[in-house]
$ cat upload_25.pdb   # PDB, C-alpha atoms, pLDDT in the B column
ATOM      1  CA  MET R   1      31.803  81.040 228.582  1.00 41.00           C
ATOM      2  CA  THR R   2      35.430  82.149 228.441  1.00 48.00           C
ATOM      3  CA  ASP R   3      37.046  83.020 231.749  1.00 55.00           C
ATOM      4  CA  PRO R   4      38.180  86.691 231.410  1.00 62.00           C
ATOM      5  CA  GLN R   5      41.053  86.161 233.859  1.00 66.00           C
ATOM      6  CA  ALA R   6      42.344  83.163 231.879  1.00 67.00           C
ATOM      7  CA  ALA R   7      41.965  85.084 228.617  1.00 71.00           C
ATOM      8  CA  ARG R   8      43.963  88.014 230.033  1.00 75.00           C
ATOM      9  CA  LEU R   9      46.728  85.679 231.259  1.00 77.00           C
ATOM     10  CA  THR R  10      46.895  84.074 227.823  1.00 78.00           C
ATOM     11  CA  GLN R  11      47.089  87.498 226.192  1.00 82.00           C
ATOM     12  CA  LEU R  12      49.917  88.586 228.512  1.00 83.00           C
ATOM     13  CA  ARG R  13      51.831  85.353 227.851  1.00 82.00           C
ATOM     14  CA  ASN R  14      51.386  85.788 224.097  1.00 83.00           C
ATOM     15  CA  ILE R  15      52.677  89.367 224.350  1.00 87.00           C
ATOM     16  CA  GLN R  16      55.808  88.032 226.050  1.00 84.00           C
ATOM     17  CA  VAL R  17      56.286  85.486 223.262  1.00 82.00           C
ATOM     18  CA  LYS R  18      55.717  88.104 220.531  1.00 83.00           C
ATOM     19  CA  THR R  19      58.160  90.611 221.982  1.00 85.00           C
ATOM     20  CA  GLY R  20      60.696  88.315 223.649  1.00 83.00           C
ATOM     21  CA  LYS R  21      60.309  90.537 226.734  1.00 84.00           C
ATOM     22  CA  THR R  22      58.566  89.966 230.024  1.00 85.00           C
ATOM     23  CA  ILE R  23      55.689  92.290 230.905  1.00 86.00           C
ATOM     24  CA  ALA R  24      57.893  93.798 233.637  1.00 84.00           C
ATOM     25  CA  GLU R  25      60.600  94.517 231.026  1.00 86.00           C
ATOM     26  CA  LEU R  26      58.027  96.140 228.751  1.00 90.00           C
ATOM     27  CA  HIS R  27      56.787  98.272 231.655  1.00 88.00           C
ATOM     28  CA  ALA R  28      60.376  99.328 232.424  1.00 88.00           C
ATOM     29  CA  ALA R  29      60.891 100.299 228.776  1.00 89.00           C
ATOM     30  CA  VAL R  30      57.662 102.310 228.740  1.00 89.00           C
ATOM     31  CA  LYS R  31      58.665 104.035 231.981  1.00 89.00           C
ATOM     32  CA  ALA R  32      62.094 104.855 230.524  1.00 89.00           C
ATOM     33  CA  SER R  33      60.369 106.447 227.506  1.00 90.00           C
ATOM     34  CA  GLY R  34      59.009 109.140 229.831  1.00 90.00           C
ATOM     35  CA  LEU R  35      55.494 108.866 228.417  1.00 90.00           C
ATOM     36  CA  ALA R  36      52.735 109.296 230.986  1.00 87.00           C
ATOM     37  CA  LYS R  37      49.400 109.015 229.148  1.00 88.00           C
ATOM     38  CA  THR R  38      47.961 105.606 228.325  1.00 86.00           C
ATOM     39  CA  GLY R  39      47.343 106.562 224.679  1.00 88.00           C
ATOM     40  CA  GLU R  40      50.936 107.757 224.252  1.00 91.00           C
ATOM     41  CA  ARG R  41      52.266 104.585 225.869  1.00 90.00           C
ATOM     42  CA  ARG R  42      50.016 102.426 223.693  1.00 90.00           C
ATOM     43  CA  SER R  43      51.196 104.160 220.508  1.00 92.00           C
ATOM     44  CA  TRP R  44      54.832 103.864 221.586  1.00 92.00           C
ATOM     45  CA  LEU R  45      54.415 100.125 222.268  1.00 92.00           C
ATOM     46  CA  MET R  46      52.740  99.610 218.899  1.00 91.00           C
ATOM     47  CA  GLN R  47      55.570 101.397 217.105  1.00 91.00           C
ATOM     48  CA  THR R  48      58.482 100.036 219.141  1.00 91.00           C
ATOM     49  CA  TYR R  49      57.386  96.398 219.490  1.00 90.00           C
ATOM     50  CA  GLN R  50      54.918  96.098 216.578  1.00 90.00           C
ATOM     51  CA  LEU R  51      52.169  95.106 219.007  1.00 89.00           C
ATOM     52  CA  SER R  52      48.542  95.216 217.951  1.00 88.00           C
ATOM     53  CA  TYR R  53      46.334  97.941 219.394  1.00 87.00           C
ATOM     54  CA  GLY R  54      44.754  95.502 221.859  1.00 85.00           C
ATOM     55  CA  ASP R  55      48.049  94.049 223.078  1.00 87.00           C
ATOM     56  CA  ALA R  56      49.690  97.463 223.433  1.00 89.00           C
ATOM     57  CA  ASN R  57      46.615  98.744 225.277  1.00 85.00           C
ATOM     58  CA  THR R  58      46.754  95.808 227.709  1.00 86.00           C
ATOM     59  CA  VAL R  59      50.435  96.440 228.486  1.00 89.00           C
ATOM     60  CA  ALA R  60      49.775 100.172 228.949  1.00 87.00           C
ATOM     61  CA  LEU R  61      46.759  99.567 231.186  1.00 83.00           C
ATOM     62  CA  PHE R  62      48.699  97.164 233.444  1.00 79.00           C
ATOM     63  CA  MET R  63      51.299  99.846 234.237  1.00 80.00           C
ATOM     64  CA  GLY R  64      51.534 100.269 238.003  1.00 73.00           C
ATOM     65  CA  GLN R  65      49.339  97.248 238.751  1.00 71.00           C
ATOM     66  CA  PRO R  66      50.463  93.985 240.314  1.00 70.00           C
ATOM     67  CA  LEU R  67      51.226  91.438 237.617  1.00 67.00           C
ATOM     68  CA  PRO R  68      50.199  87.806 237.628  1.00 66.00           C
ATOM     69  CA  ALA R  69      53.030  85.262 237.891  1.00 61.00           C
ATOM     70  CA  LEU R  70      54.283  85.663 234.320  1.00 57.00           C
ATOM     71  CA  ASP R  71      57.681  87.306 234.583  1.00 41.00           C
ATOM     72  CA  GLY R  72      60.356  84.762 235.249  1.00 40.00           C
ATOM     73  CA  GLY R  73      62.874  85.822 232.640  1.00 38.00           C
ATOM     74  CA  ALA R  74      63.491  84.424 229.165  1.00 37.00           C
ATOM     75  CA  SER R  75      62.280  80.956 230.082  1.00 37.00           C
ATOM     76  CA  ALA R  76      58.896  82.393 231.022  1.00 37.00           C
ATOM     77  CA  ALA R  77      58.582  83.906 227.569  1.00 39.00           C
ATOM     78  CA  ALA R  78      59.525  80.617 225.906  1.00 41.00           C
ATOM     79  CA  ALA R  79      57.263  78.473 228.065  1.00 41.00           C
ATOM     80  CA  PRO R  80      53.943  79.848 226.768  1.00 44.00           C
ATOM     81  CA  ALA R  81      54.970  79.034 223.181  1.00 54.00           C
ATOM     82  CA  ALA R  82      55.754  75.458 224.189  1.00 56.00           C
ATOM     83  CA  ASP R  83      52.498  75.275 226.165  1.00 67.00           C
ATOM     84  CA  ALA R  84      50.550  76.550 223.154  1.00 78.00           C
ATOM     85  CA  LEU R  85      52.156  73.956 220.885  1.00 83.00           C
ATOM     86  CA  ASP R  86      51.328  71.261 223.431  1.00 84.00           C
ATOM     87  CA  ALA R  87      47.685  72.338 223.210  1.00 87.00           C
ATOM     88  CA  ILE R  88      47.674  72.618 219.410  1.00 90.00           C
ATOM     89  CA  TYR R  89      49.292  69.197 218.979  1.00 89.00           C
ATOM     90  CA  ALA R  90      47.337  67.319 221.642  1.00 90.00           C
ATOM     91  CA  GLY R  91      45.610  63.980 221.340  1.00 92.00           C
ATOM     92  CA  ALA R  92      45.291  62.529 217.839  1.00 94.00           C
ATOM     93  CA  LYS R  93      47.264  65.488 216.394  1.00 93.00           C
ATOM     94  CA  ALA R  94      50.347  64.834 218.565  1.00 92.00           C
ATOM     95  CA  PRO R  95      52.163  62.870 215.816  1.00 94.00           C
ATOM     96  CA  LEU R  96      52.186  66.063 213.694  1.00 95.00           C
ATOM     97  CA  ARG R  97      54.385  67.963 216.173  1.00 92.00           C
ATOM     98  CA  PRO R  98      57.714  66.657 214.722  1.00 93.00           C
ATOM     99  CA  LEU R  99      56.549  67.705 211.233  1.00 95.00           C
ATOM    100  CA  HIS R 100      55.721  71.175 212.579  1.00 94.00           C
ATOM    101  CA  GLU R 101      59.167  71.414 214.180  1.00 91.00           C
ATOM    102  CA  ALA R 102      60.922  70.232 210.992  1.00 93.00           C
ATOM    103  CA  LEU R 103      59.145  72.924 208.978  1.00 95.00           C
ATOM    104  CA  MET R 104      59.914  75.585 211.600  1.00 92.00           C
ATOM    105  CA  GLU R 105      63.582  74.550 211.526  1.00 92.00           C
ATOM    106  CA  HIS R 106      63.657  75.368 207.814  1.00 93.00           C
ATOM    107  CA  ILE R 107      61.737  78.639 208.235  1.00 93.00           C
ATOM    108  CA  HIS R 108      64.192  79.822 210.914  1.00 90.00           C
ATOM    109  CA  THR R 109      66.977  79.663 208.296  1.00 92.00           C
ATOM    110  CA  LEU R 110      65.268  82.525 206.430  1.00 92.00           C
ATOM    111  CA  GLY R 111      65.930  85.115 209.153  1.00 89.00           C
ATOM    112  CA  ASN R 112      64.110  86.851 211.991  1.00 87.00           C
ATOM    113  CA  PHE R 113      60.376  86.775 212.489  1.00 84.00           C
ATOM    114  CA  GLU R 114      57.799  86.775 215.267  1.00 86.00           C
ATOM    115  CA  VAL R 115      55.895  83.657 216.302  1.00 86.00           C
ATOM    116  CA  ALA R 116      52.425  84.115 217.748  1.00 85.00           C
ATOM    117  CA  ALA R 117      50.697  80.971 218.939  1.00 83.00           C
ATOM    118  CA  LYS R 118      46.937  81.038 218.509  1.00 84.00           C
ATOM    119  CA  LYS R 119      44.373  78.504 219.718  1.00 85.00           C
ATOM    120  CA  SER R 120      44.683  76.113 216.772  1.00 89.00           C
ATOM    121  CA  TYR R 121      47.637  77.374 214.725  1.00 90.00           C
ATOM    122  CA  VAL R 122      50.831  79.425 214.809  1.00 91.00           C
ATOM    123  CA  SER R 123      51.132  82.775 213.024  1.00 91.00           C
ATOM    124  CA  LEU R 124      54.515  83.883 211.686  1.00 92.00           C
ATOM    125  CA  ARG R 125      55.057  87.619 211.163  1.00 89.00           C
ATOM    126  CA  ARG R 126      57.622  90.106 210.009  1.00 90.00           C
ATOM    127  CA  LYS R 127      56.037  93.503 209.360  1.00 88.00           C
ATOM    128  CA  LYS R 128      52.915  91.519 208.546  1.00 90.00           C
ATOM    129  CA  GLN R 129      51.854  87.907 208.781  1.00 91.00           C
ATOM    130  CA  PHE R 130      53.494  85.780 206.128  1.00 95.00           C
ATOM    131  CA  LEU R 131      52.535  82.255 207.170  1.00 96.00           C
ATOM    132  CA  MET R 132      50.077  80.302 209.283  1.00 95.00           C
ATOM    133  CA  LEU R 133      50.818  76.745 210.354  1.00 95.00           C
ATOM    134  CA  GLY R 134      48.676  74.218 212.169  1.00 95.00           C
ATOM    135  CA  PRO R 135      46.977  70.847 212.002  1.00 96.00           C
ATOM    136  CA  ALA R 136      44.387  70.495 209.250  1.00 95.00           C
ATOM    137  CA  THR R 137      43.553  66.908 210.158  1.00 95.00           C
ATOM    138  CA  LYS R 138      45.171  64.297 212.380  1.00 94.00           C
ATOM    139  CA  ASP R 139      47.327  63.382 209.359  1.00 95.00           C
ATOM    140  CA  SER R 140      48.291  66.714 207.796  1.00 97.00           C
ATOM    141  CA  LEU R 141      49.465  70.246 208.530  1.00 97.00           C
ATOM    142  CA  GLU R 142      47.943  73.182 206.727  1.00 97.00           C
ATOM    143  CA  ILE R 143      50.223  76.025 205.712  1.00 97.00           C
ATOM    144  CA  GLY R 144      48.646  79.370 204.888  1.00 96.00           C
ATOM    145  CA  LEU R 145      50.812  81.543 202.650  1.00 96.00           C
ATOM    146  CA  ASN R 146      50.282  85.294 202.714  1.00 94.00           C
ATOM    147  CA  VAL R 147      51.776  86.303 199.383  1.00 92.00           C
ATOM    148  CA  LYS R 148      50.163  87.599 196.229  1.00 88.00           C
ATOM    149  CA  ASP R 149      50.809  86.198 192.777  1.00 84.00           C
ATOM    150  CA  LEU R 150      52.027  82.723 193.654  1.00 90.00           C
ATOM    151  CA  PRO R 151      52.523  80.716 190.481  1.00 89.00           C
ATOM    152  CA  PRO R 152      49.652  78.263 189.951  1.00 91.00           C
ATOM    153  CA  HIS R 153      50.388  74.785 191.276  1.00 94.00           C
ATOM    154  CA  ALA R 154      48.283  71.678 191.898  1.00 95.00           C
ATOM    155  CA  ARG R 155      49.343  71.677 195.599  1.00 96.00           C
ATOM    156  CA  LEU R 156      48.172  75.251 196.197  1.00 96.00           C
ATOM    157  CA  LYS R 157      44.578  76.065 197.063  1.00 96.00           C
ATOM    158  CA  VAL R 158      43.805  79.711 196.279  1.00 93.00           C
ATOM    159  CA  GLN R 159      41.727  81.345 199.018  1.00 92.00           C
ATOM    160  CA  PRO R 160      38.822  83.764 198.508  1.00 90.00           C
ATOM    161  CA  PRO R 161      39.498  87.514 198.633  1.00 85.00           C
ATOM    162  CA  LEU R 162      39.870  88.977 202.154  1.00 83.00           C
ATOM    163  CA  SER R 163      41.046  85.653 203.589  1.00 85.00           C
ATOM    164  CA  MET R 164      43.901  85.705 206.096  1.00 85.00           C
ATOM    165  CA  CYS R 165      46.172  84.095 203.470  1.00 90.00           C
ATOM    166  CA  GLN R 166      46.085  84.080 199.686  1.00 93.00           C
ATOM    167  CA  ALA R 167      46.798  80.340 199.359  1.00 95.00           C
ATOM    168  CA  THR R 168      47.066  77.199 201.461  1.00 96.00           C
ATOM    169  CA  THR R 169      48.753  73.857 201.058  1.00 97.00           C
ATOM    170  CA  ARG R 170      48.967  70.725 203.166  1.00 97.00           C
ATOM    171  CA  ILE R 171      51.847  68.451 204.070  1.00 97.00           C
ATOM    172  CA  SER R 172      51.842  65.018 205.677  1.00 97.00           C
ATOM    173  CA  THR R 173      55.511  64.021 205.797  1.00 96.00           C
ATOM    174  CA  VAL R 174      58.933  65.651 205.991  1.00 95.00           C
ATOM    175  CA  LYS R 175      59.364  64.727 202.297  1.00 96.00           C
ATOM    176  CA  ASP R 176      56.649  67.292 201.531  1.00 97.00           C
ATOM    177  CA  ILE R 177      59.028  70.043 202.717  1.00 96.00           C
ATOM    178  CA  ASP R 178      60.468  70.149 199.221  1.00 96.00           C
ATOM    179  CA  ALA R 179      61.917  72.830 196.946  1.00 96.00           C
ATOM    180  CA  ALA R 180      58.466  74.000 195.813  1.00 96.00           C
ATOM    181  CA  LEU R 181      57.204  74.522 199.381  1.00 97.00           C
ATOM    182  CA  LYS R 182      60.446  76.180 200.449  1.00 97.00           C
ATOM    183  CA  GLY R 183      60.181  78.527 197.459  1.00 96.00           C
ATOM    184  CA  TRP R 184      56.614  79.538 198.329  1.00 96.00           C
ATOM    185  CA  ILE R 185      57.581  80.134 201.966  1.00 97.00           C
ATOM    186  CA  LYS R 186      60.556  82.273 200.872  1.00 96.00           C
ATOM    187  CA  LEU R 187      58.289  84.359 198.625  1.00 95.00           C
ATOM    188  CA  ALA R 188      55.869  84.898 201.528  1.00 96.00           C
ATOM    189  CA  TYR R 189      58.718  85.713 203.939  1.00 95.00           C
ATOM    190  CA  ASP R 190      60.217  88.267 201.528  1.00 95.00           C
ATOM    191  CA  ALA R 191      56.825  89.849 200.830  1.00 93.00           C
ATOM    192  CA  ALA R 192      56.313  90.509 204.556  1.00 92.00           C
ATOM    193  CA  ALA R 193      59.474  92.623 204.930  1.00 88.00           C
TER     194      ALA R 193
END
$ encode --input "upload_25.pdb" --output "structure tokens"
Amino acid sequence: MTDPQAARLTQLRNIQVKTGKTIAELHAAVKASGLAKTGERRSWLMQTYQLSYGDANTVALFMGQPLPALDGGASAAAAPAADALDAIYAGAKAPLRPLHEALMEHIHTLGNFEVAAKKSYVSLRRKKQFLMLGPATKDSLEIGLNVKDLPPHARLKVQPPLSMCQATTRISTVKDIDAALKGWIKLAYDAAA
């Protein structure tokens, strides 16, 4: 059974990573907005920081309550992302971490986006999710592309309707980060604007 306290701490850390702000900074911003009702605060957080309903609700509900030891400045916001990657790329999947970082280095050249670490993958978002990245096996990374109308290609696996991404592909080496993959990622990035 999942520990609710641990789940809440993980959620708060992920909120910090998503927004680049500590929970205390988010509370200060909400307070400065002058909004008093939880629903108004939640809506403001969703609009201002593009938080999901659940994340915005958690931030709004923690207003005025003592916070767990999460808020240590910018390094505290960066640490959960590193911790999440350590968990994703643990054990037999550890050799895939440099491949993940090489791909992320390329994706960062495209512009700004939000990184949300999940249990087994990383979600990249602009206004909406455009890419998912995580280990498929101990030897390959799976990349989920959220873009309609990708040109057919032998490396692309089209996903069923209502899937989180329209297509996936796998890479095993840095050489697989080629012009075709970069083009698909750029299409997904642009479509999420």
$ atom_distance --input "upload_25.pdb" --atom1 "atom CA of Val17 of chain R" --atom2 "atom CA of Asp86 of chain R"
15.1 Å
$ atom_distance --input "upload_25.pdb" --atom1 "atom CA of Gly39 of chain R" --atom2 "atom CA of Gly64 of chain R"
15.3 Å
$ residues_around --input "upload_25.pdb" --residues "Asp178 of chain R" --least-positions-apart "6" --cutoff "12 Å" --atoms "only C-alpha atoms" --output "VMD selection string"
chain R and resid 102 to 103 106 155 171 to 172 184 to 185
$ axis_aligned_box --input "upload_25.pdb" --around "segment 152-158 of chain R" --padding-each-side "3 Å" --output "JSON"
{"center_x": 47.1, "center_y": 75.7, "center_z": 193.5, "size_x": 12.6, "size_y": 14.0, "size_z": 13.1}
$ residues_around --input "upload_25.pdb" --residues "segment 173-175 of chain R" --least-positions-apart "2" --cutoff "12 Å" --atoms "only C-alpha atoms" --output "list in words"
Pro95, Leu96, Arg97, Pro98, Leu99, His100, Glu101, Ala102, Leu103, Met104, Glu105, His106, Asp139, Ser140, Leu141, Glu142, Arg170, Ile171, Ile177, Asp178, Ala179, Ala180, Leu181 and Lys182 of chain R
$ resolve_selection --input "upload_25.pdb" --expression "the PyMOL selection byres ((chain R and resi 116) around 8)" --output "VMD selection string"
chain R and resid 14 17 to 18 81 114 to 115 117 to 118 122 to 125
$ atom_distance --input "upload_25.pdb" --atom1 "atom CA of Asp149 of chain R" --atom2 "atom CA of Asp176 of chain R"
21.6 Å
$ residues_around --input "upload_25.pdb" --residues "Asn57 of chain R" --least-positions-apart "5" --cutoff "10 Å" --atoms "only C-alpha atoms" --output "list in words"
Thr38, Gly39, Arg41, Arg42, Ser43, Leu45, Met46, Leu51, Ser52 and Phe62 of chain R
$ residues_around --input "upload_25.pdb" --residues "Val30 of chain R" --least-positions-apart "4" --cutoff "9 Å" --atoms "only C-alpha atoms" --output "list in words"
Glu25, Leu26, Gly34, Leu35, Ala36, Arg41, Trp44, Leu45, Ala60 and Met63 of chain R
$ write_last_selection --input "upload_25.pdb" --atoms "C-alpha atoms" --output "CSV table (one decimal), keeping the file's coordinate frame"
chain,number,residue,atom,x,y,z
R,25,GLU,CA,60.6,94.5,231.0
R,26,LEU,CA,58.0,96.1,228.8
R,34,GLY,CA,59.0,109.1,229.8
R,35,LEU,CA,55.5,108.9,228.4
R,36,ALA,CA,52.7,109.3,231.0
R,41,ARG,CA,52.3,104.6,225.9
R,44,TRP,CA,54.8,103.9,221.6
R,45,LEU,CA,54.4,100.1,222.3
R,60,ALA,CA,49.8,100.2,228.9
R,63,MET,CA,51.3,99.8,234.2
$ closest_residue --input "upload_25.pdb" --among "R:Asp190, R:Leu131, R:Met164, R:Val59" --to "Ala28 of chain R" --atoms "only C-alpha atoms"
R:Val59
$ closest_residue --input "upload_25.pdb" --among "R:Gly111, R:Pro160, R:Pro152, R:Gly91" --to "Thr137 of chain R" --atoms "only C-alpha atoms"
R:Gly91
$ decode --input "upload_25.pdb" --residues "segment 9-33 of chain R" --atoms "N, CA and C atoms" --output "PDB file, in the first residue's frame"
ATOM      1  N   LEU R   9       4.593  14.103  -0.292  1.00  0.00           N
ATOM      2  CA  LEU R   9       5.932  14.699  -0.424  1.00  0.00           C
ATOM      3  C   LEU R   9       6.416  14.637  -1.862  1.00  0.00           C
ATOM      4  N   THR R  10       6.193  13.505  -2.517  1.00  0.00           N
ATOM      5  CA  THR R  10       6.582  13.373  -3.921  1.00  0.00           C
ATOM      6  C   THR R  10       5.820  14.371  -4.781  1.00  0.00           C
ATOM      7  N   GLN R  11       4.521  14.511  -4.526  1.00  0.00           N
ATOM      8  CA  GLN R  11       3.724  15.468  -5.286  1.00  0.00           C
ATOM      9  C   GLN R  11       4.250  16.890  -5.093  1.00  0.00           C
ATOM     10  N   LEU R  12       4.540  17.269  -3.862  1.00  0.00           N
ATOM     11  CA  LEU R  12       5.051  18.619  -3.591  1.00  0.00           C
ATOM     12  C   LEU R  12       6.405  18.839  -4.269  1.00  0.00           C
ATOM     13  N   ARG R  13       7.270  17.839  -4.232  1.00  0.00           N
ATOM     14  CA  ARG R  13       8.569  17.963  -4.913  1.00  0.00           C
ATOM     15  C   ARG R  13       8.380  18.105  -6.422  1.00  0.00           C
ATOM     16  N   ASN R  14       7.467  17.324  -6.988  1.00  0.00           N
ATOM     17  CA  ASN R  14       7.209  17.413  -8.424  1.00  0.00           C
ATOM     18  C   ASN R  14       6.636  18.771  -8.806  1.00  0.00           C
ATOM     19  N   ILE R  15       5.808  19.344  -7.946  1.00  0.00           N
ATOM     20  CA  ILE R  15       5.271  20.688  -8.198  1.00  0.00           C
ATOM     21  C   ILE R  15       6.417  21.688  -8.257  1.00  0.00           C
ATOM     22  N   GLN R  16       7.366  21.561  -7.349  1.00  0.00           N
ATOM     23  CA  GLN R  16       8.528  22.464  -7.357  1.00  0.00           C
ATOM     24  C   GLN R  16       9.312  22.326  -8.657  1.00  0.00           C
ATOM     25  N   VAL R  17       9.496  21.091  -9.124  1.00  0.00           N
ATOM     26  CA  VAL R  17      10.223  20.868 -10.368  1.00  0.00           C
ATOM     27  C   VAL R  17       9.455  21.461 -11.545  1.00  0.00           C
ATOM     28  N   LYS R  18       8.137  21.235 -11.587  1.00  0.00           N
ATOM     29  CA  LYS R  18       7.308  21.729 -12.691  1.00  0.00           C
ATOM     30  C   LYS R  18       7.338  23.245 -12.785  1.00  0.00           C
ATOM     31  N   THR R  19       7.253  23.906 -11.642  1.00  0.00           N
ATOM     32  CA  THR R  19       7.131  25.366 -11.643  1.00  0.00           C
ATOM     33  C   THR R  19       8.464  26.090 -11.526  1.00  0.00           C
ATOM     34  N   GLY R  20       9.499  25.399 -11.037  1.00  0.00           N
ATOM     35  CA  GLY R  20      10.768  26.077 -10.773  1.00  0.00           C
ATOM     36  C   GLY R  20      10.691  26.953  -9.533  1.00  0.00           C
ATOM     37  N   LYS R  21       9.654  26.791  -8.743  1.00  0.00           N
ATOM     38  CA  LYS R  21       9.437  27.578  -7.521  1.00  0.00           C
ATOM     39  C   LYS R  21       9.295  26.630  -6.344  1.00  0.00           C
ATOM     40  N   THR R  22       9.731  27.093  -5.181  1.00  0.00           N
ATOM     41  CA  THR R  22       9.492  26.308  -3.975  1.00  0.00           C
ATOM     42  C   THR R  22       8.020  26.469  -3.592  1.00  0.00           C
ATOM     43  N   ILE R  23       7.531  25.577  -2.743  1.00  0.00           N
ATOM     44  CA  ILE R  23       6.142  25.681  -2.290  1.00  0.00           C
ATOM     45  C   ILE R  23       5.954  26.993  -1.533  1.00  0.00           C
ATOM     46  N   ALA R  24       6.942  27.394  -0.747  1.00  0.00           N
ATOM     47  CA  ALA R  24       6.852  28.671  -0.021  1.00  0.00           C
ATOM     48  C   ALA R  24       6.735  29.843  -1.002  1.00  0.00           C
ATOM     49  N   GLU R  25       7.488  29.793  -2.105  1.00  0.00           N
ATOM     50  CA  GLU R  25       7.399  30.861  -3.114  1.00  0.00           C
ATOM     51  C   GLU R  25       6.028  30.866  -3.781  1.00  0.00           C
ATOM     52  N   LEU R  26       5.483  29.692  -4.040  1.00  0.00           N
ATOM     53  CA  LEU R  26       4.139  29.619  -4.617  1.00  0.00           C
ATOM     54  C   LEU R  26       3.107  30.175  -3.649  1.00  0.00           C
ATOM     55  N   HIS R  27       3.249  29.846  -2.364  1.00  0.00           N
ATOM     56  CA  HIS R  27       2.329  30.386  -1.353  1.00  0.00           C
ATOM     57  C   HIS R  27       2.431  31.903  -1.290  1.00  0.00           C
ATOM     58  N   ALA R  28       3.644  32.438  -1.362  1.00  0.00           N
ATOM     59  CA  ALA R  28       3.827  33.900  -1.338  1.00  0.00           C
ATOM     60  C   ALA R  28       3.157  34.542  -2.552  1.00  0.00           C
ATOM     61  N   ALA R  29       3.284  33.900  -3.712  1.00  0.00           N
ATOM     62  CA  ALA R  29       2.653  34.435  -4.922  1.00  0.00           C
ATOM     63  C   ALA R  29       1.138  34.408  -4.809  1.00  0.00           C
ATOM     64  N   VAL R  30       0.602  33.321  -4.263  1.00  0.00           N
ATOM     65  CA  VAL R  30      -0.852  33.224  -4.072  1.00  0.00           C
ATOM     66  C   VAL R  30      -1.310  34.305  -3.101  1.00  0.00           C
ATOM     67  N   LYS R  31      -0.569  34.473  -2.010  1.00  0.00           N
ATOM     68  CA  LYS R  31      -0.930  35.497  -1.020  1.00  0.00           C
ATOM     69  C   LYS R  31      -0.911  36.880  -1.654  1.00  0.00           C
ATOM     70  N   ALA R  32       0.101  37.148  -2.490  1.00  0.00           N
ATOM     71  CA  ALA R  32       0.206  38.452  -3.148  1.00  0.00           C
ATOM     72  C   ALA R  32      -0.935  38.680  -4.137  1.00  0.00           C
ATOM     73  N   SER R  33      -1.546  37.603  -4.630  1.00  0.00           N
ATOM     74  CA  SER R  33      -2.669  37.743  -5.567  1.00  0.00           C
ATOM     75  C   SER R  33      -3.908  38.311  -4.879  1.00  0.00           C
TER      76      SER R  33
END
